$ cat my_file.cif   # mmCIF, C-alpha atoms
data_target
#
loop_
_atom_site.label_atom_id
_atom_site.label_comp_id
_atom_site.auth_asym_id
_atom_site.auth_seq_id
_atom_site.Cartn_x
_atom_site.Cartn_y
_atom_site.Cartn_z
CA MET A 205 0.00 0.00 0.00
CA PRO A 206 1.34 3.48 -0.82
CA ALA A 207 2.29 5.76 2.04
CA ILE A 208 -0.40 8.44 2.55
CA GLU A 209 0.41 11.67 4.33
CA LEU A 210 -1.66 12.33 7.45
CA THR A 211 -3.01 15.74 6.42
CA ASN A 212 -6.18 15.58 8.54
CA PRO A 213 -5.50 13.89 11.90
CA ALA A 214 -9.09 14.54 13.07
CA ALA A 215 -10.33 12.12 10.41
CA LEU A 216 -8.48 9.28 12.18
CA PRO A 217 -9.77 7.50 15.29
CA ALA A 218 -8.56 9.62 18.22
CA ASP A 219 -5.43 8.47 20.02
CA TRP A 220 -6.18 7.27 23.58
CA ARG A 221 -3.76 9.86 24.98
CA ASP A 222 -5.85 12.63 23.44
CA ILE A 223 -9.04 11.13 24.90
CA LEU A 224 -7.33 11.08 28.30
CA ALA A 225 -6.14 14.68 27.82
CA LEU A 226 -9.79 15.74 27.34
CA THR A 227 -10.41 14.93 31.00
CA LYS A 228 -7.72 17.44 32.13
CA PRO A 229 -6.06 14.94 34.50
CA ARG A 230 -3.66 17.59 35.85
CA VAL A 231 -6.43 19.70 37.35
CA MET A 232 -8.26 16.63 38.66
CA TYR A 233 -5.89 16.08 41.62
CA LEU A 234 -7.37 18.87 43.73
CA VAL A 235 -10.94 17.78 42.98
CA VAL A 236 -10.18 14.17 43.91
CA PHE A 237 -8.23 15.21 47.00
CA THR A 238 -10.92 17.53 48.39
CA GLY A 239 -13.60 14.92 47.62
CA LEU A 240 -11.54 12.28 49.43
CA CYS A 241 -11.07 14.59 52.42
CA GLY A 242 -14.83 15.23 52.55
CA LEU A 243 -15.39 11.48 52.64
CA LEU A 244 -12.65 10.79 55.22
CA ALA A 245 -13.82 13.64 57.49
CA ALA A 246 -17.34 12.20 57.67
CA PRO A 247 -18.38 10.63 60.99
CA VAL A 248 -19.21 7.28 59.37
CA MET A 249 -16.94 5.31 57.07
CA PRO A 250 -18.56 3.44 54.18
CA PRO A 251 -17.17 0.07 53.02
CA LEU A 252 -13.82 0.56 51.29
CA VAL A 253 -15.12 -0.31 47.82
CA ILE A 254 -18.05 2.12 48.17
CA GLY A 255 -15.70 4.92 49.27
CA PHE A 256 -13.33 4.11 46.39
CA THR A 257 -16.22 4.12 43.90
CA ALA A 258 -17.52 7.45 45.24
CA ILE A 259 -14.11 9.07 44.71
CA LEU A 260 -13.82 7.40 41.29
CA CYS A 261 -17.21 8.90 40.35
CA ILE A 262 -16.09 12.37 41.49
CA ALA A 263 -12.95 11.96 39.33
CA LEU A 264 -15.00 10.74 36.34
CA GLY A 265 -17.44 13.63 36.80
CA ALA A 266 -14.53 16.08 36.85
CA GLY A 267 -13.14 14.41 33.71
CA ALA A 268 -16.52 14.75 32.01
CA CYS A 269 -16.56 18.46 32.91
CA GLY A 270 -13.09 18.84 31.38
CA ALA A 271 -14.19 17.12 28.16
CA LEU A 272 -17.39 19.17 27.83
CA ASN A 273 -15.47 22.35 28.63
CA GLN A 274 -12.96 21.59 25.88
CA TRP A 275 -15.78 20.69 23.47
CA TYR A 276 -17.50 24.03 24.08
CA GLU A 277 -14.35 26.17 24.18
CA ALA A 278 -12.40 24.65 21.27
CA ASP A 279 -12.47 27.98 19.38
CA ILE A 280 -11.36 29.96 22.45
CA ASP A 281 -8.62 27.42 23.28
CA ALA A 282 -7.17 27.86 19.79
CA LYS A 283 -6.54 31.56 20.55
CA MET A 284 -4.63 31.01 23.82
CA ARG A 285 -1.00 29.89 23.95
CA ARG A 286 -1.66 27.89 27.12
CA THR A 287 -4.42 25.81 25.52
CA ALA A 288 -3.70 25.83 21.77
CA ASN A 289 -2.12 22.37 21.82
CA ARG A 290 -5.16 20.64 23.34
CA PRO A 291 -6.58 17.81 21.17
CA LEU A 292 -9.49 19.81 19.70
CA PRO A 293 -7.80 23.13 18.80
CA ALA A 294 -4.74 21.22 17.54
CA GLY A 295 -7.04 19.25 15.21
CA ARG A 296 -6.16 15.80 16.57
CA MET A 297 -9.76 15.01 17.42
CA ASP A 298 -13.22 16.01 16.18
CA ARG A 299 -15.60 17.99 18.40
CA GLN A 300 -18.48 15.54 18.20
CA SER A 301 -16.36 12.73 19.68
CA ALA A 302 -15.45 15.02 22.59
CA LEU A 303 -19.13 15.86 23.15
CA HIS A 304 -20.18 12.19 23.10
CA PHE A 305 -17.33 11.25 25.44
CA GLY A 306 -18.18 14.07 27.88
CA VAL A 307 -21.92 13.36 27.99
CA GLY A 308 -21.36 9.60 28.25
CA LEU A 309 -18.86 10.01 31.08
CA SER A 310 -21.21 12.39 32.94
CA VAL A 311 -24.16 9.99 32.79
CA PHE A 312 -21.97 7.02 33.72
CA SER A 313 -20.41 8.76 36.74
CA VAL A 314 -23.81 9.89 38.10
CA LEU A 315 -25.46 6.48 37.64
CA LEU A 316 -22.52 4.65 39.22
CA MET A 317 -22.52 7.06 42.19
CA GLY A 318 -26.25 6.49 42.69
CA LEU A 319 -25.98 2.71 42.50
CA ALA A 320 -22.83 2.41 44.64
CA ALA A 321 -23.22 5.19 47.25
CA ASN A 322 -26.58 6.96 47.34
CA TRP A 323 -28.81 9.05 45.09
CA LEU A 324 -28.34 12.29 47.07
CA ALA A 325 -24.59 12.14 46.30
CA ALA A 326 -25.44 11.28 42.68
CA GLY A 327 -27.82 14.26 42.49
CA LEU A 328 -25.14 16.59 43.87
CA LEU A 329 -22.63 15.20 41.35
CA ALA A 330 -25.13 15.82 38.52
CA ILE A 331 -25.77 19.37 39.78
CA SER A 332 -22.01 20.06 39.99
CA ILE A 333 -21.45 18.84 36.41
CA LEU A 334 -24.38 20.88 35.07
CA PHE A 335 -23.25 23.89 37.13
CA TYR A 336 -19.73 23.73 35.68
CA VAL A 337 -20.74 23.07 32.07
CA VAL A 338 -23.94 25.09 31.67
CA ILE A 339 -23.80 27.85 34.32
CA TYR A 340 -20.03 28.46 34.29
CA THR A 341 -18.62 27.41 30.88
CA MET A 342 -21.54 28.28 28.62
CA TRP A 343 -23.25 31.13 30.45
CA LEU A 344 -21.01 33.05 32.87
CA LYS A 345 -17.47 32.64 31.55
CA PRO A 346 -17.92 34.36 28.19
CA ARG A 347 -20.35 37.01 29.51
CA THR A 348 -19.47 38.37 32.93
CA VAL A 349 -16.51 39.46 34.95
CA GLN A 350 -18.08 37.62 37.89
CA ASN A 351 -17.58 34.29 36.06
CA ILE A 352 -15.07 32.87 38.51
CA VAL A 353 -16.93 34.13 41.60
CA ILE A 354 -20.14 32.22 40.87
CA GLY A 355 -18.48 29.50 38.78
CA GLY A 356 -16.26 28.67 41.74
CA GLY A 357 -19.29 26.90 43.17
CA ALA A 358 -18.73 24.02 40.72
CA GLY A 359 -15.28 23.27 42.13
CA ALA A 360 -16.60 23.53 45.69
CA PHE A 361 -18.89 20.49 45.40
CA PRO A 362 -16.39 17.57 45.77
CA PRO A 363 -15.98 17.61 49.60
CA LEU A 364 -19.76 17.94 49.96
CA ILE A 365 -20.30 15.01 47.59
CA GLY A 366 -17.65 12.93 49.40
CA TRP A 367 -19.31 13.61 52.78
CA VAL A 368 -22.81 12.83 51.45
CA ALA A 369 -21.55 9.63 49.77
CA ALA A 370 -20.41 8.47 53.22
CA THR A 371 -23.29 9.72 55.39
CA GLY A 372 -26.28 10.11 53.07
CA HIS A 373 -27.06 13.61 54.37
CA VAL A 374 -25.79 17.21 54.34
CA SER A 375 -24.60 18.89 57.55
CA ALA A 376 -22.76 22.05 58.68
CA LEU A 377 -19.11 20.97 58.21
CA PRO A 378 -19.35 19.93 54.53
CA LEU A 379 -21.26 23.16 53.83
CA LEU A 380 -18.37 25.08 55.39
CA LEU A 381 -15.91 23.08 53.25
CA PHE A 382 -18.00 24.11 50.25
CA ALA A 383 -17.79 27.75 51.40
CA ILE A 384 -13.99 27.56 51.86
CA ILE A 385 -13.39 26.39 48.26
CA PHE A 386 -16.05 28.78 46.94
CA LEU A 387 -14.27 31.76 48.55
CA TRP A 388 -10.78 30.41 47.75
CA THR A 389 -11.48 30.14 44.00
CA PRO A 390 -11.54 33.88 43.11
CA PRO A 391 -8.16 34.82 44.67
CA HIS A 392 -6.62 31.60 43.30
CA PHE A 393 -7.78 32.17 39.71
CA TRP A 394 -7.37 35.93 39.72
CA ALA A 395 -3.74 35.53 40.82
CA LEU A 396 -3.23 33.28 37.77
CA SER A 397 -5.21 35.53 35.45
CA LEU A 398 -3.04 38.53 36.38
CA PHE A 399 0.08 37.01 34.83
CA VAL A 400 -1.67 35.33 31.86
CA ARG A 401 -4.14 38.16 31.21
CA SER A 402 -2.89 38.71 27.65
CA ASP A 403 -4.08 35.17 26.84
CA TYR A 404 -7.54 35.89 28.23
CA ALA A 405 -7.66 39.24 26.42
CA ALA A 406 -6.70 37.57 23.12
CA ALA A 407 -9.47 35.00 23.59
CA GLY A 408 -12.05 37.67 24.50
CA ILE A 409 -12.80 36.17 27.93
CA PRO A 410 -13.92 38.92 30.35
CA MET A 411 -11.64 37.96 33.24
CA LEU A 412 -11.35 40.60 35.96
CA PRO A 413 -7.83 41.88 35.04
CA VAL A 414 -8.92 42.30 31.41
CA VAL A 415 -12.13 44.20 32.19
CA ALA A 416 -11.50 45.99 35.51
CA GLY A 417 -7.71 46.32 35.28
CA VAL A 418 -4.77 45.02 37.29
CA PRO A 419 -5.03 47.30 40.42
CA SER A 420 -8.74 46.50 40.85
CA THR A 421 -8.02 42.75 40.56
CA ARG A 422 -5.31 43.03 43.22
CA ARG A 423 -7.80 44.75 45.55
CA GLN A 424 -10.41 42.05 44.91
CA ILE A 425 -7.85 39.28 45.60
CA PHE A 426 -7.08 40.80 48.99
CA LEU A 427 -10.73 41.46 49.86
CA TYR A 428 -11.78 37.89 48.97
CA SER A 429 -8.94 36.40 51.00
CA LEU A 430 -10.48 37.85 54.20
CA PRO A 431 -13.85 36.01 54.15
CA MET A 432 -11.99 32.95 52.85
CA ALA A 433 -9.73 33.02 55.92
CA ALA A 434 -12.78 33.48 58.18
CA ALA A 435 -14.55 30.50 56.58
CA ALA A 436 -11.39 28.38 56.91
CA VAL A 437 -11.09 29.04 60.65
CA ALA A 438 -14.87 28.91 61.33
CA PRO A 439 -15.18 25.12 61.89
CA TRP A 440 -13.07 25.47 65.06
CA PRO A 441 -15.12 28.08 67.04
CA LEU A 442 -18.28 26.34 65.83
CA GLY A 443 -17.10 23.17 67.55
CA LEU A 444 -16.95 21.12 64.33
CA THR A 445 -13.19 20.51 64.54
CA GLY A 446 -10.49 20.50 67.20
CA ALA A 447 -7.66 22.89 68.09
CA VAL A 448 -5.18 21.17 65.75
CA TYR A 449 -7.26 22.20 62.75
CA GLY A 450 -8.15 25.58 64.23
CA ALA A 451 -4.55 26.63 64.93
CA SER A 452 -3.29 25.28 61.58
CA ALA A 453 -6.11 26.98 59.65
CA ALA A 454 -5.35 30.27 61.43
CA VAL A 455 -1.63 30.11 60.56
CA LEU A 456 -2.16 28.94 56.95
CA SER A 457 -4.85 31.59 56.38
CA PHE A 458 -2.70 34.31 57.94
CA VAL A 459 0.10 33.49 55.47
CA PHE A 460 -2.46 33.55 52.63
CA VAL A 461 -3.68 37.01 53.66
CA VAL A 462 -0.08 38.28 53.98
CA LEU A 463 0.72 37.03 50.46
CA ALA A 464 -2.52 38.60 49.17
CA GLY A 465 -1.37 41.84 50.87
CA ARG A 466 1.92 41.65 48.95
CA VAL A 467 -0.07 41.26 45.73
CA LEU A 468 -2.10 44.32 46.74
CA ALA A 469 1.13 46.28 47.31
CA ASN A 470 2.70 45.24 43.98
CA ARG A 471 2.58 47.96 41.31
CA ALA A 472 4.14 45.98 38.44
CA MET A 473 2.14 45.60 35.25
CA GLU A 474 4.39 43.16 33.38
CA PRO A 475 3.93 39.41 34.01
CA ALA A 476 7.71 38.99 34.44
CA GLN A 477 7.57 41.29 37.50
CA MET A 478 4.58 39.60 39.08
CA ALA A 479 6.48 37.43 41.56
CA PRO A 480 3.96 38.09 44.41
CA GLU A 481 1.08 36.95 42.17
CA LYS A 482 2.95 33.78 41.14
CA LYS A 483 3.83 33.10 44.77
CA LEU A 484 0.21 33.54 45.88
CA PHE A 485 -1.01 31.24 43.10
CA ALA A 486 1.44 28.49 44.08
CA TYR A 487 0.71 28.97 47.80
CA SER A 488 -3.07 28.86 47.20
CA VAL A 489 -2.77 25.31 45.85
CA PHE A 490 -0.61 24.25 48.83
CA TYR A 491 -3.03 26.04 51.19
CA LEU A 492 -6.06 24.04 50.08
CA PHE A 493 -4.16 20.74 50.15
CA ALA A 494 -2.78 21.45 53.63
CA LEU A 495 -6.07 22.75 55.06
CA PHE A 496 -8.03 19.68 53.97
CA ALA A 497 -5.31 17.22 54.98
CA ILE A 498 -5.15 18.77 58.47
CA LEU A 499 -8.95 18.71 58.71
CA VAL A 500 -8.96 14.95 58.13
CA ALA A 501 -6.09 14.44 60.61
CA ASP A 502 -7.95 16.53 63.19
CA ARG A 503 -11.20 14.59 62.76
CA TRP A 504 -9.35 11.28 63.07
CA LEU A 505 -7.51 12.47 66.18
CA ALA A 506 -10.85 13.48 67.71
CA ALA A 507 -12.33 10.07 66.86
CA MET B 113 3.70 6.02 8.53
CA LYS B 114 1.02 4.61 6.24
CA LEU B 115 -2.50 5.82 6.97
CA GLU B 116 -3.95 2.35 7.32
CA GLU B 117 -1.18 1.25 9.70
CA GLU B 118 -1.84 4.28 11.89
CA ILE B 119 -5.59 3.59 11.93
CA VAL B 120 -5.03 -0.05 12.92
CA ARG B 121 -2.50 0.96 15.61
CA ARG B 122 -4.93 3.42 17.18
CA GLN B 123 -7.87 1.02 16.95
CA ARG B 124 -5.82 -1.74 18.64
CA ALA B 125 -4.69 0.56 21.44
CA ARG B 126 -8.25 1.77 22.05
CA ALA B 127 -9.66 -1.76 21.92
CA LEU B 128 -7.10 -2.94 24.46
CA ILE B 129 -7.81 -0.06 26.84
CA THR B 130 -11.58 -0.53 26.46
CA ALA B 131 -11.20 -4.25 27.27
CA LEU B 132 -9.11 -3.47 30.37
CA LEU B 133 -11.60 -0.84 31.57
CA LEU B 134 -14.55 -3.18 31.03
CA GLY B 135 -12.74 -5.90 32.97
CA ALA B 136 -12.04 -3.46 35.81
CA PHE B 137 -15.68 -2.34 35.76
CA VAL B 138 -16.93 -5.93 36.09
CA VAL B 139 -14.61 -6.48 39.08
CA LEU B 140 -15.78 -3.19 40.64
CA ILE B 141 -19.47 -4.08 40.23
CA PHE B 142 -18.76 -7.50 41.77
CA PHE B 143 -17.22 -5.95 44.90
CA ILE B 144 -19.92 -3.26 45.12
CA THR B 145 -22.52 -6.02 45.05
CA ILE B 146 -20.70 -7.92 47.80
CA ALA B 147 -20.47 -4.74 49.92
CA LYS B 148 -24.14 -3.83 49.36
CA THR B 149 -25.27 -7.35 50.15
CA GLY B 150 -23.18 -7.31 53.30
CA ILE B 151 -24.85 -4.08 54.45
CA ASN B 152 -28.33 -5.51 53.96
CA TRP B 153 -27.72 -8.74 55.89
#
$ encode --input "my_file.cif" --output "structure tokens"
Amino acid sequence: MPAIELTNPAALPADWRDILALTKPRVMYLVVFTGLCGLLAAPVMPPLVIGFTAILCIALGAGACGALNQWYEADIDAKMRRTANRPLPAGRMDRQSALHFGVGLSVFSVLLMGLAANWLAAGLLAISILFYVVIYTMWLKPRTVQNIVIGGGAGAFPPLIGWVAATGHVSALPLLLFAIIFLWTPPHFWALSLFVRSDYAAAGIPMLPVVAGVPSTRRQIFLYSLPMAAAAVAPWPLGLTGAVYGASAAVLSFVFVVLAGRVLANRAMEPAQMAPEKKLFAYSVFYLFALFAILVADRWLAA
Amino acid sequence: MKLEEEIVRRQRARALITALLLGAFVVLIFFITIAKTGINW
């Protein structure tokens, strides 16, 4: 057979690595980790296989969100350096396959959660997927500067889902965990968007630094870090956790607010001079990991 | 690489992964059933 040049890779069956890349596995770690912490912090422990399946379903749901996000934003991704090499904008996969994969994975993850854990957890998983795809990706993100503020709710669901998968009901602590991630999301993403704002501007996404400017974004980062710190410490005075968590949350949150203060004080406009923003972004990831890990340790020590 | 060779390579890789995932799913459903049955006893 003569050698034929591969001029249209999207006409071929997609490579499995590209299908995996649709699920954004790199951003899934935090979702899986916070979901696992929600499950481990619950007062009752489900059988191991049920707990494993619940976390698997959260991961699959997050993967489905990633696929549907990439399906919807293929045109926008093509305009940003950071995302231009994803399977759809790079032309290695057709959009319809991504849509089918995303919808199929969503339905599968919700059904499996319902059958293995309980239908309240499955309902919350379905709401979180719909929230991320419809409310955030399709509606808010391209239209309003408040996209990340409200859209942050989608990423805040995993600990709540993990808790409900274990207990079958919602209570105060998982709602506070939801609030912590909800309030953490704006300063986390705005810190990132400050030093990649040219990408967002090129793609026409109304992120805060693009629309309101850099100084206003720095103010908002600092202002949001205050209620976030309050929500992070709140489980302690409310008697939901012990002193180990309370003291750790206070110290971790204090450092967060100090770093947000340094961002507020920074006057640089060039990404190369935005060291405080980069530091805050990196610390914000560590902060959430540490806070949730200490929460689980505290609950286990109390038990 | 020839087009047909590339198509066959990708189809084989996807078929293998699908088979492994289906096998894992069957094992998972088996253990979920055991766990659920245990709870109801």
$ resolve_selection --input "my_file.cif" --expression "the PyMOL selection byres ((chain B) within 8 of (chain A))" --output "JSON, numbers by chain"
{"B": [113, 114, 115, 119, 122, 123, 125, 126, 140, 143, 144, 147, 148]}
$ closest_residue --input "my_file.cif" --among "A:Pro441, A:Gly372, A:Gly450, A:Pro391" --to "Tyr428 (chain A)" --atoms "all atoms listed in the file"
A:Pro391
$ atom_distance --input "my_file.cif" --atom1 "CA of Pro378 (chain A)" --atom2 "CA of Arg423 (chain A)"
28.8 Å
$ atom_distance --input "my_file.cif" --atom1 "CA of Leu364 (chain A)" --atom2 "CA of Gly242 (chain A)"
6.2 Å
$ closest_residue --input "my_file.cif" --among "A:Val236, A:Met411, A:Met284, A:Val418" --to "Pro346 (chain A)" --atoms "all atoms listed in the file"
A:Met411
$ atom_distance --input "my_file.cif" --atom1 "CA of Val311 (chain A)" --atom2 "CA of Ile385 (chain A)"
25.0 Å
$ closest_residue --input "my_file.cif" --among "A:Ile333, A:Val374, A:Ala268, A:Cys261" --to "Gly357 (chain A)" --atoms "all atoms listed in the file"
A:Ile333
$ resolve_selection --input "my_file.cif" --expression "the PyMOL selection byres ((chain A and resi 502) around 10)" --output "number ranges by chain"
A: 245, 445-450, 496-501, 503-507
$ decode --input "my_file.cif" --residues "region 258-275 of chain A" --atoms "N, CA and C atoms" --output "PDB file, in the first residue's frame"
ATOM      1  N   ALA A 258     -17.054   6.063  45.130  1.00  0.00           N
ATOM      2  CA  ALA A 258     -17.525   7.452  45.237  1.00  0.00           C
ATOM      3  C   ALA A 258     -16.451   8.420  44.740  1.00  0.00           C
ATOM      4  N   ILE A 259     -15.205   8.184  45.157  1.00  0.00           N
ATOM      5  CA  ILE A 259     -14.107   9.073  44.714  1.00  0.00           C
ATOM      6  C   ILE A 259     -13.865   8.906  43.214  1.00  0.00           C
ATOM      7  N   LEU A 260     -13.962   7.655  42.734  1.00  0.00           N
ATOM      8  CA  LEU A 260     -13.822   7.403  41.293  1.00  0.00           C
ATOM      9  C   LEU A 260     -14.881   8.192  40.518  1.00  0.00           C
ATOM     10  N   CYS A 261     -16.115   8.185  41.029  1.00  0.00           N
ATOM     11  CA  CYS A 261     -17.207   8.904  40.347  1.00  0.00           C
ATOM     12  C   CYS A 261     -16.959  10.409  40.342  1.00  0.00           C
ATOM     13  N   ILE A 262     -16.423  10.929  41.455  1.00  0.00           N
ATOM     14  CA  ILE A 262     -16.087  12.367  41.493  1.00  0.00           C
ATOM     15  C   ILE A 262     -15.027  12.660  40.428  1.00  0.00           C
ATOM     16  N   ALA A 263     -14.021  11.778  40.329  1.00  0.00           N
ATOM     17  CA  ALA A 263     -12.954  11.964  39.326  1.00  0.00           C
ATOM     18  C   ALA A 263     -13.529  11.877  37.912  1.00  0.00           C
ATOM     19  N   LEU A 264     -14.412  10.898  37.676  1.00  0.00           N
ATOM     20  CA  LEU A 264     -15.000  10.743  36.338  1.00  0.00           C
ATOM     21  C   LEU A 264     -15.883  11.955  36.007  1.00  0.00           C
ATOM     22  N   GLY A 265     -16.617  12.442  37.003  1.00  0.00           N
ATOM     23  CA  GLY A 265     -17.443  13.632  36.798  1.00  0.00           C
ATOM     24  C   GLY A 265     -16.589  14.835  36.444  1.00  0.00           C
ATOM     25  N   ALA A 266     -15.456  14.980  37.147  1.00  0.00           N
ATOM     26  CA  ALA A 266     -14.532  16.084  36.849  1.00  0.00           C
ATOM     27  C   ALA A 266     -13.959  15.921  35.439  1.00  0.00           C
ATOM     28  N   GLY A 267     -13.645  14.682  35.064  1.00  0.00           N
ATOM     29  CA  GLY A 267     -13.138  14.407  33.711  1.00  0.00           C
ATOM     30  C   GLY A 267     -14.175  14.762  32.655  1.00  0.00           C
ATOM     31  N   ALA A 268     -15.434  14.430  32.952  1.00  0.00           N
ATOM     32  CA  ALA A 268     -16.525  14.753  32.015  1.00  0.00           C
ATOM     33  C   ALA A 268     -16.643  16.269  31.851  1.00  0.00           C
ATOM     34  N   CYS A 269     -16.518  16.986  32.973  1.00  0.00           N
ATOM     35  CA  CYS A 269     -16.563  18.462  32.915  1.00  0.00           C
ATOM     36  C   CYS A 269     -15.441  18.989  32.017  1.00  0.00           C
ATOM     37  N   GLY A 270     -14.245  18.421  32.185  1.00  0.00           N
ATOM     38  CA  GLY A 270     -13.094  18.838  31.378  1.00  0.00           C
ATOM     39  C   GLY A 270     -13.354  18.611  29.896  1.00  0.00           C
ATOM     40  N   ALA A 271     -13.921  17.445  29.569  1.00  0.00           N
ATOM     41  CA  ALA A 271     -14.192  17.116  28.159  1.00  0.00           C
ATOM     42  C   ALA A 271     -15.243  18.056  27.578  1.00  0.00           C
ATOM     43  N   LEU A 272     -16.323  18.303  28.342  1.00  0.00           N
ATOM     44  CA  LEU A 272     -17.394  19.169  27.832  1.00  0.00           C
ATOM     45  C   LEU A 272     -16.923  20.623  27.739  1.00  0.00           C
ATOM     46  N   ASN A 273     -16.063  21.016  28.679  1.00  0.00           N
ATOM     47  CA  ASN A 273     -15.470  22.355  28.633  1.00  0.00           C
ATOM     48  C   ASN A 273     -14.623  22.515  27.369  1.00  0.00           C
ATOM     49  N   GLN A 274     -13.814  21.500  27.065  1.00  0.00           N
ATOM     50  CA  GLN A 274     -12.957  21.589  25.875  1.00  0.00           C
ATOM     51  C   GLN A 274     -13.782  21.516  24.590  1.00  0.00           C
ATOM     52  N   TRP A 275     -14.886  20.743  24.627  1.00  0.00           N
ATOM     53  CA  TRP A 275     -15.782  20.686  23.467  1.00  0.00           C
ATOM     54  C   TRP A 275     -16.356  22.075  23.194  1.00  0.00           C
TER      55      TRP A 275
END
